[in-house]
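S.K.: My structure is stored as data_18.cif, with mmCIF, C-alpha atoms and all ligand atoms.
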```cif
data_structure
#
loop_
_atom_site.group_PDB
_atom_site.id
_atom_site.type_symbol
_atom_site.label_atom_id
_atom_site.label_comp_id
_atom_site.auth_asym_id
_atom_site.auth_seq_id
_atom_site.Cartn_x
_atom_site.Cartn_y
_atom_site.Cartn_z
ATOM 1 C CA MET C 1 12.037 81.673 -46.754
ATOM 2 C CA ASN C 2 12.973 82.657 -43.177
ATOM 3 C CA ILE C 3 15.595 80.869 -41.038
ATOM 4 C CA ALA C 4 13.080 78.667 -39.191
ATOM 5 C CA GLU C 5 11.530 77.542 -42.500
ATOM 6 C CA GLN C 6 14.979 76.887 -43.964
ATOM 7 C CA GLU C 7 15.891 74.764 -40.928
ATOM 8 C CA MET C 8 12.686 72.743 -41.217
ATOM 9 C CA GLU C 9 13.388 72.081 -44.908
ATOM 10 C CA ASN C 10 16.930 70.974 -44.018
ATOM 11 C CA TYR C 11 15.551 68.728 -41.284
ATOM 12 C CA SER C 12 13.148 67.197 -43.832
ATOM 13 C CA ARG C 13 16.057 66.478 -46.177
ATOM 14 C CA VAL C 14 17.933 64.649 -43.393
ATOM 15 C CA LYS C 15 14.840 62.586 -42.481
ATOM 16 C CA ASN C 16 14.215 61.774 -46.136
ATOM 17 C CA ALA C 17 17.759 60.416 -46.414
ATOM 18 C CA ASP C 18 17.410 58.468 -43.121
ATOM 19 C CA TYR C 19 14.158 56.786 -44.131
ATOM 20 C CA THR C 20 15.338 56.118 -47.690
ATOM 21 C CA ARG C 21 18.138 54.070 -46.109
ATOM 22 C CA GLU C 22 15.725 52.454 -43.639
ATOM 23 C CA ALA C 23 12.834 51.618 -46.006
ATOM 24 C CA ASP C 24 13.847 48.042 -46.889
ATOM 25 C CA VAL C 25 14.224 46.972 -43.256
ATOM 26 C CA TYR C 26 11.724 49.335 -41.564
ATOM 27 C CA ASP C 27 8.985 46.712 -41.058
ATOM 28 C CA SER C 28 11.216 43.685 -40.505
ATOM 29 C CA LYS C 29 13.267 45.480 -37.809
ATOM 30 C CA ARG C 30 10.232 46.650 -35.843
ATOM 31 C CA PHE C 31 7.158 44.579 -36.533
ATOM 32 C CA ALA C 32 8.210 41.092 -37.676
ATOM 33 C CA SER C 33 8.273 39.526 -34.183
ATOM 34 C CA ASP C 34 5.102 38.217 -32.477
ATOM 35 C CA LEU C 35 5.157 41.251 -30.183
ATOM 36 C CA GLY C 36 5.685 43.611 -33.154
ATOM 37 C CA ARG C 37 2.731 42.105 -35.023
ATOM 38 C CA PHE C 38 0.624 42.277 -31.877
ATOM 39 C CA TYR C 39 1.476 45.977 -31.468
ATOM 40 C CA VAL C 40 0.540 46.736 -35.097
ATOM 41 C CA ASP C 41 -2.797 44.886 -34.833
ATOM 42 C CA LEU C 42 -3.617 46.476 -31.480
ATOM 43 C CA THR C 43 -2.836 49.991 -32.786
ATOM 44 C CA ASN C 44 -4.967 49.492 -35.899
ATOM 45 C CA ALA C 45 -7.857 47.988 -33.899
ATOM 46 C CA ILE C 46 -7.825 50.922 -31.447
ATOM 47 C CA LEU C 47 -7.619 53.445 -34.307
ATOM 48 C CA TYR C 48 -10.449 51.772 -36.206
ATOM 49 C CA ASP C 49 -12.725 51.920 -33.131
ATOM 50 C CA LEU C 50 -11.678 55.489 -32.395
ATOM 51 C CA LEU C 51 -12.123 56.903 -35.911
ATOM 52 C CA GLN C 52 -15.643 55.521 -36.463
ATOM 53 C CA VAL C 53 -15.298 56.279 -40.179
ATOM 54 C CA ARG C 54 -18.475 56.804 -42.183
ATOM 55 C CA LYS C 55 -18.546 55.780 -45.863
ATOM 56 C CA GLU C 56 -18.509 59.308 -47.316
ATOM 57 C CA GLU C 57 -15.658 60.598 -45.106
ATOM 58 C CA LYS C 58 -12.202 61.509 -46.431
ATOM 59 C CA ILE C 59 -9.351 60.125 -44.328
ATOM 60 C CA LEU C 60 -5.600 60.854 -44.465
ATOM 61 C CA ASP C 61 -2.705 58.914 -42.919
ATOM 62 C CA LEU C 62 0.022 61.550 -42.447
ATOM 63 C CA ALA C 63 3.621 60.265 -42.668
ATOM 64 C CA THR C 64 2.233 56.837 -43.545
ATOM 65 C CA GLY C 65 5.709 55.340 -44.144
ATOM 66 C CA THR C 66 5.294 51.724 -45.311
ATOM 67 C CA GLY C 67 1.538 52.110 -44.933
ATOM 68 C CA ARG C 68 1.313 50.149 -41.698
ATOM 69 C CA VAL C 69 -1.780 52.040 -40.510
ATOM 70 C CA ALA C 70 -3.266 52.978 -43.918
ATOM 71 C CA VAL C 71 -3.145 49.344 -45.068
ATOM 72 C CA GLY C 72 -4.454 48.085 -41.703
ATOM 73 C CA LEU C 73 -7.439 50.444 -41.874
ATOM 74 C CA ALA C 74 -8.029 49.747 -45.595
ATOM 75 C CA GLU C 75 -8.188 46.029 -44.776
ATOM 76 C CA ARG C 76 -10.939 46.900 -42.302
ATOM 77 C CA GLY C 77 -12.896 48.637 -45.089
ATOM 78 C CA VAL C 78 -11.797 52.274 -44.630
ATOM 79 C CA SER C 79 -11.051 54.287 -47.821
ATOM 80 C CA ILE C 80 -7.877 56.215 -47.065
ATOM 81 C CA SER C 81 -5.000 58.224 -48.597
ATOM 82 C CA GLY C 82 -1.469 58.125 -47.222
ATOM 83 C CA VAL C 83 1.256 60.726 -47.671
ATOM 84 C CA ASP C 84 4.923 60.548 -46.813
ATOM 85 C CA LEU C 85 8.095 62.471 -47.530
ATOM 86 C CA THR C 86 10.060 59.367 -48.491
ATOM 87 C CA TRP C 87 9.359 57.815 -51.890
ATOM 88 C CA LYS C 88 11.051 54.547 -50.958
ATOM 89 C CA MET C 89 8.881 54.030 -47.852
ATOM 90 C CA LEU C 90 5.834 54.499 -50.080
ATOM 91 C CA GLN C 91 7.146 51.870 -52.521
ATOM 92 C CA ARG C 92 6.995 49.325 -49.668
ATOM 93 C CA ALA C 93 3.465 50.536 -48.871
ATOM 94 C CA LYS C 94 2.404 50.098 -52.509
ATOM 95 C CA GLU C 95 3.808 46.538 -52.560
ATOM 96 C CA LYS C 96 1.552 45.680 -49.595
ATOM 97 C CA VAL C 97 -1.459 47.135 -51.398
ATOM 98 C CA GLU C 98 -0.711 45.036 -54.503
ATOM 99 C CA GLU C 99 -0.115 41.859 -52.463
ATOM 100 C CA ARG C 100 -3.417 42.324 -50.642
ATOM 101 C CA LYS C 101 -5.251 43.520 -53.756
ATOM 102 C CA LEU C 102 -6.671 46.557 -51.952
ATOM 103 C CA LYS C 103 -8.531 49.141 -54.041
ATOM 104 C CA ASN C 104 -9.451 51.627 -51.301
ATOM 105 C CA VAL C 105 -6.023 53.084 -50.479
ATOM 106 C CA SER C 106 -3.689 55.444 -52.380
ATOM 107 C CA PHE C 107 -0.273 56.918 -51.588
ATOM 108 C CA HIS C 108 1.415 60.213 -52.525
ATOM 109 C CA VAL C 109 4.782 61.808 -51.813
ATOM 110 C CA ALA C 110 4.368 65.013 -49.778
ATOM 111 C CA ASN C 111 6.007 66.997 -47.018
ATOM 112 C CA ALA C 112 3.655 67.407 -44.033
ATOM 113 C CA LEU C 113 4.813 71.031 -43.820
ATOM 114 C CA HIS C 114 2.959 71.870 -47.051
ATOM 115 C CA LEU C 115 0.339 69.329 -47.950
ATOM 116 C CA PRO C 116 -0.878 69.229 -51.575
ATOM 117 C CA TYR C 117 -4.528 69.598 -50.570
ATOM 118 C CA LYS C 118 -7.031 72.434 -50.519
ATOM 119 C CA ASP C 119 -8.326 73.872 -47.232
ATOM 120 C CA ASN C 120 -11.059 71.801 -45.527
ATOM 121 C CA THR C 121 -10.410 68.570 -47.481
ATOM 122 C CA PHE C 122 -10.393 65.815 -44.835
ATOM 123 C CA ASP C 123 -12.836 64.656 -42.165
ATOM 124 C CA LYS C 124 -10.178 62.818 -40.163
ATOM 125 C CA ILE C 125 -6.378 62.731 -40.197
ATOM 126 C CA VAL C 126 -4.266 60.218 -38.357
ATOM 127 C CA SER C 127 -0.517 60.278 -37.746
ATOM 128 C CA ILE C 128 1.312 57.432 -35.999
ATOM 129 C CA ARG C 129 4.990 57.250 -34.942
ATOM 130 C CA PHE C 130 5.716 60.606 -36.598
ATOM 131 C CA PHE C 131 5.629 63.529 -34.182
ATOM 132 C CA HIS C 132 8.225 62.065 -31.840
ATOM 133 C CA ILE C 133 10.877 62.360 -34.577
ATOM 134 C CA LEU C 134 10.275 66.115 -34.997
ATOM 135 C CA PRO C 135 11.505 69.179 -33.107
ATOM 136 C CA PHE C 136 8.700 71.068 -31.368
ATOM 137 C CA VAL C 137 8.764 74.039 -33.759
ATOM 138 C CA MET C 138 8.172 71.656 -36.660
ATOM 139 C CA GLN C 139 5.409 69.802 -34.807
ATOM 140 C CA LYS C 140 3.718 73.159 -34.354
ATOM 141 C CA ALA C 141 3.987 74.059 -38.072
ATOM 142 C CA ILE C 142 2.603 70.654 -39.069
ATOM 143 C CA VAL C 143 -0.362 70.854 -36.662
ATOM 144 C CA ARG C 144 -1.181 74.227 -38.267
ATOM 145 C CA GLU C 145 -1.025 72.627 -41.740
ATOM 146 C CA VAL C 146 -3.201 69.719 -40.541
ATOM 147 C CA ALA C 147 -5.774 72.198 -39.194
ATOM 148 C CA ARG C 148 -5.820 73.890 -42.617
ATOM 149 C CA VAL C 149 -6.609 70.732 -44.621
ATOM 150 C CA LEU C 150 -9.023 69.349 -41.997
ATOM 151 C CA LYS C 151 -12.663 70.317 -42.356
ATOM 152 C CA PRO C 152 -14.165 72.474 -39.618
ATOM 153 C CA GLY C 153 -15.177 70.054 -36.885
ATOM 154 C CA GLY C 154 -12.794 67.407 -38.311
ATOM 155 C CA PHE C 155 -10.613 65.222 -36.082
ATOM 156 C CA PHE C 156 -6.868 64.763 -35.872
ATOM 157 C CA VAL C 157 -5.407 61.729 -34.082
ATOM 158 C CA ALA C 158 -1.662 61.996 -33.431
ATOM 159 C CA GLU C 159 0.542 59.575 -31.546
ATOM 160 C CA PHE C 160 3.241 60.660 -29.094
ATOM 161 C CA ASN C 161 5.500 58.904 -26.605
ATOM 162 C CA SER C 162 4.100 59.248 -23.117
ATOM 163 C CA PRO C 163 6.525 60.652 -20.499
ATOM 164 C CA PHE C 164 4.766 58.720 -17.731
ATOM 165 C CA ALA C 165 4.868 55.289 -19.379
ATOM 166 C CA GLY C 166 4.893 52.575 -16.727
ATOM 167 C CA LEU C 167 5.218 55.176 -13.982
ATOM 168 C CA PHE C 168 8.048 57.452 -15.004
ATOM 169 C CA LEU C 169 9.824 54.913 -17.127
ATOM 170 C CA TRP C 170 10.933 57.998 -19.085
ATOM 171 C CA ALA C 171 13.797 58.419 -16.639
ATOM 172 C CA ALA C 172 15.255 55.241 -18.110
ATOM 173 C CA ARG C 173 14.392 56.116 -21.722
ATOM 174 C CA ARG C 174 15.876 59.553 -22.226
ATOM 175 C CA ASP C 175 16.483 58.826 -25.882
ATOM 176 C CA HIS C 176 12.746 58.774 -26.522
ATOM 177 C CA GLN C 177 11.270 62.163 -27.297
ATOM 178 C CA VAL C 178 8.154 62.449 -25.164
ATOM 179 C CA ILE C 179 5.340 65.002 -24.968
ATOM 180 C CA TRP C 180 4.586 66.773 -21.675
ATOM 181 C CA PRO C 181 1.082 68.049 -20.820
ATOM 182 C CA ARG C 182 2.107 71.707 -21.248
ATOM 183 C CA GLN C 183 3.435 70.883 -24.724
ATOM 184 C CA ILE C 184 0.110 69.272 -25.674
ATOM 185 C CA LYS C 185 -1.580 72.528 -24.668
ATOM 186 C CA ALA C 186 0.828 74.654 -26.696
ATOM 187 C CA LEU C 187 0.740 72.378 -29.725
ATOM 188 C CA PHE C 188 -3.037 72.125 -29.991
ATOM 189 C CA ASN C 189 -3.924 75.613 -28.767
ATOM 190 C CA GLU C 190 -5.941 76.313 -31.904
ATOM 191 C CA MET C 191 -7.774 72.993 -31.740
ATOM 192 C CA ILE C 192 -9.839 71.322 -29.033
ATOM 193 C CA VAL C 193 -8.241 68.301 -27.362
ATOM 194 C CA VAL C 194 -11.143 65.902 -26.837
ATOM 195 C CA LYS C 195 -9.462 62.664 -25.773
ATOM 196 C CA LYS C 196 -6.164 61.086 -24.808
ATOM 197 C CA VAL C 197 -6.022 57.386 -25.594
ATOM 198 C CA GLY C 198 -3.293 55.037 -24.341
ATOM 199 C CA ILE C 199 -1.623 52.362 -26.463
ATOM 200 C CA MET C 200 0.494 49.497 -25.046
ATOM 201 C CA LEU C 201 0.366 49.725 -21.316
ATOM 202 C CA PRO C 202 3.628 48.104 -20.105
ATOM 203 C CA GLY C 203 2.853 44.451 -19.335
ATOM 204 C CA VAL C 204 0.214 44.061 -22.065
ATOM 205 C CA GLY C 205 2.837 42.541 -24.382
ATOM 206 C CA ARG C 206 3.759 39.991 -21.714
ATOM 207 C CA VAL C 207 0.110 38.994 -21.332
ATOM 208 C CA ALA C 208 -0.202 38.748 -25.140
ATOM 209 C CA ARG C 209 2.740 36.329 -25.219
ATOM 210 C CA MET C 210 0.753 33.950 -22.984
ATOM 211 C CA SER C 211 -2.594 34.573 -24.662
ATOM 212 C CA ARG C 212 -2.958 36.884 -27.629
ATOM 213 C CA LYS C 213 -6.691 37.215 -27.079
ATOM 214 C CA ALA C 214 -6.248 38.214 -23.421
ATOM 215 C CA GLY C 215 -3.511 40.704 -24.409
ATOM 216 C CA GLU C 216 -5.740 42.242 -27.051
ATOM 217 C CA ARG C 217 -8.699 42.475 -24.679
ATOM 218 C CA LEU C 218 -6.514 44.113 -22.028
ATOM 219 C CA GLY C 219 -4.832 46.460 -24.531
ATOM 220 C CA ARG C 220 -8.150 47.579 -25.998
ATOM 221 C CA SER C 221 -9.866 48.071 -22.666
ATOM 222 C CA LEU C 222 -7.147 49.961 -20.745
ATOM 223 C CA THR C 223 -6.867 53.003 -23.011
ATOM 224 C CA PHE C 224 -8.522 55.551 -20.686
ATOM 225 C CA PHE C 225 -7.384 57.604 -17.664
ATOM 226 C CA PRO C 226 -5.117 56.889 -15.775
ATOM 227 C CA PHE C 227 -3.891 53.971 -17.932
ATOM 228 C CA ASN C 228 -3.631 56.231 -21.015
ATOM 229 C CA HIS C 229 -0.852 58.242 -19.333
ATOM 230 C CA LEU C 230 0.940 55.091 -18.144
ATOM 231 C CA SER C 231 0.938 53.537 -21.625
ATOM 232 C CA ASN C 232 3.992 53.685 -23.859
ATOM 233 C CA GLN C 233 2.217 55.767 -26.477
ATOM 234 C CA ILE C 234 -0.585 58.268 -26.164
ATOM 235 C CA LEU C 235 -2.975 59.261 -28.959
ATOM 236 C CA ILE C 236 -4.062 62.873 -28.766
ATOM 237 C CA VAL C 237 -7.472 63.307 -30.371
ATOM 238 C CA ALA C 238 -7.973 66.975 -31.300
ATOM 239 C CA LYS C 239 -10.924 68.561 -33.046
ATOM 240 C CA ASN C 240 -10.805 71.457 -35.495
ATOM 241 C CA PRO C 241 -13.154 74.149 -34.227
ATOM 242 C CA ALA C 242 -16.380 74.394 -36.220
ATOM 243 C CA SER C 243 -16.369 77.466 -38.503
ATOM 244 C CA VAL C 244 -18.313 80.652 -37.798
ATOM 245 C CA ALA C 245 -20.494 79.739 -40.779
ATOM 246 C CA SER C 246 -21.300 76.283 -39.428
ATOM 247 C CA HIS C 247 -22.079 77.770 -36.007
ATOM 248 C CA ALA C 248 -24.459 80.176 -37.738
ATOM 249 C CA SER C 249 -26.151 77.434 -39.754
ATOM 250 C CA ALA C 250 -26.530 75.327 -36.604
ATOM 251 C CA GLY C 251 -28.266 78.313 -35.043
ATOM 252 C CA LEU C 252 -25.632 78.725 -32.303
HETATM 253 C C1 LIG C 301 8.852 56.352 -37.825
HETATM 254 S S1 LIG C 301 8.216 56.442 -39.459
HETATM 255 C C2 LIG C 301 6.467 56.163 -39.189
HETATM 256 C C3 LIG C 301 5.775 55.592 -40.379
HETATM 257 C C4 LIG C 301 4.343 55.108 -40.131
HETATM 258 N N1 LIG C 301 3.450 56.178 -39.728
HETATM 259 C C5 LIG C 301 4.325 54.013 -39.093
HETATM 260 O O1 LIG C 301 3.714 54.198 -38.042
HETATM 261 O O2 LIG C 301 4.908 52.954 -39.343
HETATM 262 C C6 LIG C 301 8.283 58.180 -39.763
HETATM 263 C C7 LIG C 301 7.875 58.546 -41.195
HETATM 264 O O3 LIG C 301 7.798 59.977 -41.266
HETATM 265 C C8 LIG C 301 8.185 60.350 -42.577
HETATM 266 N N2 LIG C 301 8.514 61.783 -42.553
HETATM 267 C C9 LIG C 301 9.557 62.401 -41.944
HETATM 268 N N3 LIG C 301 9.474 63.730 -42.093
HETATM 269 C C10 LIG C 301 8.349 63.971 -42.826
HETATM 270 C C11 LIG C 301 7.724 65.136 -43.315
HETATM 271 N N4 LIG C 301 8.243 66.352 -43.097
HETATM 272 N N5 LIG C 301 6.582 65.021 -44.024
HETATM 273 C C12 LIG C 301 6.048 63.795 -44.277
HETATM 274 N N6 LIG C 301 6.582 62.639 -43.830
HETATM 275 C C13 LIG C 301 7.728 62.726 -43.111
HETATM 276 C C14 LIG C 301 9.356 59.445 -42.876
HETATM 277 O O4 LIG C 301 9.608 59.364 -44.245
HETATM 278 C C15 LIG C 301 8.859 58.119 -42.267
HETATM 279 O O5 LIG C 301 8.205 57.337 -43.226
#
```
Can you dump the structure from the file as structure tokens?
Ligand SMILES: C[S@@+](CC[C@H](N)C(=O)[O-])C[C@H]1O[C@@H](n2cnc3c(N)ncnc32)[C@H](O)[C@@H]1O

M.R.:
Amino acid sequence: MNIAEQEMENYSRVKNADYTREADVYDSKRFASDLGRFYVDLTNAILYDLLQVRKEEKILDLATGTGRVAVGLAERGVSISGVDLTWKMLQRAKEKVEERKLKNVSFHVANALHLPYKDNTFDKIVSIRFFHILPFVMQKAIVREVARVLKPGGFFVAEFNSPFAGLFLWAARRDHQVIWPRQIKALFNEMIVVKKVGIMLPGVGRVARMSRKAGERLGRSLTFFPFNHLSNQILIVAKNPASVASHASAGL
């Protein structure tokens, strides 16, 4: 193991300890309020529309935590697996699955740096509220691992904090790790970035407080340029290049 790999393993150990401590209060601290629930529902609705999952497709929620997204998508009929480094976060996820009697979702402990799957396993992989907690070098290693387990032509949807949220709000939120356009380029240089989708334009929450329906309509409709860059979070949708073989069979 080289020094960079050793550092990433150490970083994983620290995060595992952090989230083991956090697991029992993770959801209640962030998503128990009306606004928190609205944010969760809006994120899952946008992801569901974006992923357009077909019945036979294999879907992975990477760093699923308490299964917020995996459970939300499973409730909408998507069959999905979730992996996470932290066993205790997954216990909370499994409790939700039992409560809701879902049969189409499963969870496994795994480090995103070395996923326990063969090459070309998944059609689509989604990862929410994960990359912003990682140093860039680790983001890069994980995108490479994602590209390995994604099928050729498969899609990866990863959420980041937008630096331009609410017109340069980043200046007032230095504690939030954001992604700059040049970093998107460097991170996904072996994939094709096909879309950038905004989540939670500042002000949408305020509208939702007055009328949840109006907030949802606004949040779901203002996901494209330039609102995507002004939103708090941005989903990068990147495609794995099709293989040489699939190009050949398509006659290209
Ligand atoms: C902020 S939480 C996000 C959880 C979930 N995706 C959500 O949106 O609620 C970050 C998650 O990343 C997990 N994590 C941290 N490092 C990881 C790694 N190297 N591999 C897999 N999961 C990791 C943590 O255990 C934690 O559950």

S.K.: Residues up to 6 Å from ligand LIG 301 (chain C), counting only C-alpha atoms and all ligand atoms: could you list those as a PyMOL selection string?

M.R.: chain C and resi 12+15-16+19+63-65+68+84-86+89+110-113+128-130

S.K.: Restricting it to C-alpha atoms, dump the selection as a short mmCIF file (atom, residue, chain, number, x, y, z; two decimals), in the coordinates of the input.

M.R.:
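The new file part-v3.cif reads:
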```
data_model
loop_
_atom_site.label_atom_id
_atom_site.label_comp_id
_atom_site.auth_asym_id
_atom_site.auth_seq_id
_atom_site.Cartn_x
_atom_site.Cartn_y
_atom_site.Cartn_z
CA SER C 12 13.15 67.20 -43.83
CA LYS C 15 14.84 62.59 -42.48
CA ASN C 16 14.22 61.77 -46.14
CA TYR C 19 14.16 56.79 -44.13
CA ALA C 63 3.62 60.26 -42.67
CA THR C 64 2.23 56.84 -43.54
CA GLY C 65 5.71 55.34 -44.14
CA ARG C 68 1.31 50.15 -41.70
CA ASP C 84 4.92 60.55 -46.81
CA LEU C 85 8.10 62.47 -47.53
CA THR C 86 10.06 59.37 -48.49
CA MET C 89 8.88 54.03 -47.85
CA ALA C 110 4.37 65.01 -49.78
CA ASN C 111 6.01 67.00 -47.02
CA ALA C 112 3.66 67.41 -44.03
CA LEU C 113 4.81 71.03 -43.82
CA ILE C 128 1.31 57.43 -36.00
CA ARG C 129 4.99 57.25 -34.94
CA PHE C 130 5.72 60.61 -36.60
#
```

S.K.: Quick one: residues within 12 Å of Pro181 of chain C, all atoms listed in the file counted, chain neighbours fewer than 6 positions away excluded, as a PDB file with C-alpha atoms, in the coordinates of the input?

M.R.:
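The resulting file, around30.pdb, is shown below:
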```pdb
ATOM      1  CA  PHE C 160       3.241  60.660 -29.094  1.00  0.00           C
ATOM      2  CA  ASN C 161       5.500  58.904 -26.605  1.00  0.00           C
ATOM      3  CA  SER C 162       4.100  59.248 -23.117  1.00  0.00           C
ATOM      4  CA  PRO C 163       6.525  60.652 -20.499  1.00  0.00           C
ATOM      5  CA  PHE C 164       4.766  58.720 -17.731  1.00  0.00           C
ATOM      6  CA  LEU C 187       0.740  72.378 -29.725  1.00  0.00           C
ATOM      7  CA  PHE C 188      -3.037  72.125 -29.991  1.00  0.00           C
ATOM      8  CA  VAL C 193      -8.241  68.301 -27.362  1.00  0.00           C
ATOM      9  CA  LYS C 196      -6.164  61.086 -24.808  1.00  0.00           C
ATOM     10  CA  HIS C 229      -0.852  58.242 -19.333  1.00  0.00           C
ATOM     11  CA  ILE C 234      -0.585  58.268 -26.164  1.00  0.00           C
ATOM     12  CA  ILE C 236      -4.062  62.873 -28.766  1.00  0.00           C
TER      13      ILE C 236
END
```

S.K.: For the atom pair atom CA of Tyr26 of chain C and atom CA of Lys88 of chain C, what is the interatomic distance in Å to one decimal place?

M.R.: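 Answer for the atom CA of Tyr26 of chain C to atom CA of Lys88 of chain C separation: 10.8 Å.
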
S.K.: Which residues are close to Gly203 of chain C, i.e. within 10 Å by only C-alpha atoms, leaving aside same-chain residues fewer than 2 positions away? Reply as a ChimeraX atom specification.

M.R.: /C:166,200-201,205-208,215,218-219,231

S.K.: Would you compute the distance between atom CA of Leu60 of chain C and atom CA of Ile125 of chain C? Give it in Å to one decimal.

M.R.: 4.7 Å

S.K.: Quote the spacing between atom CA of Gly82 of chain C and atom CA of Gln6 of chain C in Å to one decimal place.

M.R.: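 Computing the Euclidean distance for atom CA of Gly82 of chain C and atom CA of Gln6 of chain C yields 25.2 Å.
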
S.K.: Once the PyMOL selection byres (((chain C and resi 30-42) around 12) and not hetatm) has been evaluated on this model, what residues remain selected, and can you format them as a PyMOL selection string?

M.R.: chain C and resi 22-29+43-49+66-73+75-76+128-129+198-223+232-233

S.K.: Expanded to explicit residues, what is the PyMOL selection byres (((chain C and resi 145) around 10) and not hetatm) for this file, as a compact mmCIF listing (two decimals) with C-alpha atoms, in the coordinates of the input?

M.R.:
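The resulting expr.txt:
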```txt
# COMPACT_ATOMS: atom_id res chain seq x y z
CA ALA C 112 3.66 67.41 -44.03
CA LEU C 113 4.81 71.03 -43.82
CA HIS C 114 2.96 71.87 -47.05
CA LEU C 115 0.34 69.33 -47.95
CA TYR C 117 -4.53 69.60 -50.57
CA ASP C 119 -8.33 73.87 -47.23
CA GLN C 139 5.41 69.80 -34.81
CA LYS C 140 3.72 73.16 -34.35
CA ALA C 141 3.99 74.06 -38.07
CA ILE C 142 2.60 70.65 -39.07
CA VAL C 143 -0.36 70.85 -36.66
CA ARG C 144 -1.18 74.23 -38.27
CA VAL C 146 -3.20 69.72 -40.54
CA ALA C 147 -5.77 72.20 -39.19
CA ARG C 148 -5.82 73.89 -42.62
CA VAL C 149 -6.61 70.73 -44.62
CA LEU C 150 -9.02 69.35 -42.00
```

S.K.: Please write as a ChimeraX atom specification the full residue list that the PyMOL selection byres (((chain C and resi 100-102) around 10) and not hetatm) yields on this file.

M.R.: /C:71,74-75,77,79,94-99,103-106

S.K.: Identify which of the residues C:Met191, C:Val178, C:Ile133, C:Val126 lies closest to Asp18 of chain C, counting only C-alpha atoms when measuring atom-to-atom distances.

M.R.: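 The shortest atom-to-atom distance to Asp18 of chain C comes from C:Ile133.
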
S.K.: Can you report as lines of an AutoDock Vina configuration file the centre and edge lengths in Å, to one decimal, of an axis-aligned box around the listed atoms of segment 229-241 of chain C padded with 3 Å on each side?

M.R.:
```
center_x = -4.6
center_y = 63.8
center_z = -26.8
size_x = 23.1
size_y = 26.6
size_z = 23.4
```

S.K.: Residues near Gly153 of chain C, anyone? I mean within 7 Å using all atoms listed in the file, not counting same-chain ones fewer than 4 positions away, as a PyMOL selection string.

M.R.: chain C and resi 239-242

S.K.: Calculated over all atoms listed in the file, which of the candidates C:Phe131, C:Phe107, C:Phe227, C:Trp180 has the smallest distance to Ala93 of chain C?

M.R.: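 Nearest to Ala93 of chain C: C:Phe107.
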
S.K.: Please identify all polymer residues within 6 Å of Val237 of chain C, counting all atoms listed in the file, omitting same-chain residues fewer than 5 positions from it, and present them as a count of residues only.

M.R.: 5

S.K.: Please determine, counting only C-alpha atoms, which residue among C:His132, C:Lys124, C:Arg182, C:Arg13 has the shortest atom-to-atom distance to Glu56 of chain C.

M.R.: C:Lys124

S.K.: Working from the structure I just supplied, which lacks atoms in segment 210-221 of chain C, can you model N, CA and C atoms there and output them as a PDB file, in the coordinates of the input?

M.R.:
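Printed below is part.pdb as written:
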```
ATOM      1  N   MET C 210       1.402  35.146 -23.556  1.00  0.00           N
ATOM      2  CA  MET C 210       0.753  33.950 -22.984  1.00  0.00           C
ATOM      3  C   MET C 210      -0.557  33.661 -23.711  1.00  0.00           C
ATOM      4  N   SER C 211      -1.334  34.734 -23.921  1.00  0.00           N
ATOM      5  CA  SER C 211      -2.594  34.573 -24.662  1.00  0.00           C
ATOM      6  C   SER C 211      -2.844  35.849 -25.456  1.00  0.00           C
ATOM      7  N   ARG C 212      -2.795  35.715 -26.765  1.00  0.00           N
ATOM      8  CA  ARG C 212      -2.958  36.884 -27.629  1.00  0.00           C
ATOM      9  C   ARG C 212      -4.321  37.544 -27.428  1.00  0.00           C
ATOM     10  N   LYS C 213      -5.322  36.694 -27.257  1.00  0.00           N
ATOM     11  CA  LYS C 213      -6.691  37.215 -27.079  1.00  0.00           C
ATOM     12  C   LYS C 213      -6.788  38.048 -25.803  1.00  0.00           C
ATOM     13  N   ALA C 214      -6.188  37.499 -24.711  1.00  0.00           N
ATOM     14  CA  ALA C 214      -6.248  38.214 -23.421  1.00  0.00           C
ATOM     15  C   ALA C 214      -5.476  39.526 -23.529  1.00  0.00           C
ATOM     16  N   GLY C 215      -4.322  39.495 -24.224  1.00  0.00           N
ATOM     17  CA  GLY C 215      -3.511  40.704 -24.409  1.00  0.00           C
ATOM     18  C   GLY C 215      -4.293  41.752 -25.176  1.00  0.00           C
ATOM     19  N   GLU C 216      -4.983  41.298 -26.224  1.00  0.00           N
ATOM     20  CA  GLU C 216      -5.740  42.242 -27.051  1.00  0.00           C
ATOM     21  C   GLU C 216      -6.892  42.849 -26.244  1.00  0.00           C
ATOM     22  N   ARG C 217      -7.566  41.973 -25.473  1.00  0.00           N
ATOM     23  CA  ARG C 217      -8.699  42.475 -24.679  1.00  0.00           C
ATOM     24  C   ARG C 217      -8.209  43.517 -23.679  1.00  0.00           C
ATOM     25  N   LEU C 218      -7.084  43.198 -23.024  1.00  0.00           N
ATOM     26  CA  LEU C 218      -6.514  44.113 -22.028  1.00  0.00           C
ATOM     27  C   LEU C 218      -6.071  45.419 -22.693  1.00  0.00           C
ATOM     28  N   GLY C 219      -5.350  45.286 -23.815  1.00  0.00           N
ATOM     29  CA  GLY C 219      -4.832  46.460 -24.531  1.00  0.00           C
ATOM     30  C   GLY C 219      -5.943  47.367 -25.027  1.00  0.00           C
ATOM     31  N   ARG C 220      -7.041  46.773 -25.465  1.00  0.00           N
ATOM     32  CA  ARG C 220      -8.150  47.579 -25.998  1.00  0.00           C
ATOM     33  C   ARG C 220      -9.004  48.172 -24.899  1.00  0.00           C
ATOM     34  N   SER C 221      -8.972  47.554 -23.711  1.00  0.00           N
ATOM     35  CA  SER C 221      -9.866  48.071 -22.666  1.00  0.00           C
ATOM     36  C   SER C 221      -9.171  49.090 -21.763  1.00  0.00           C
TER      37      SER C 221
END
```
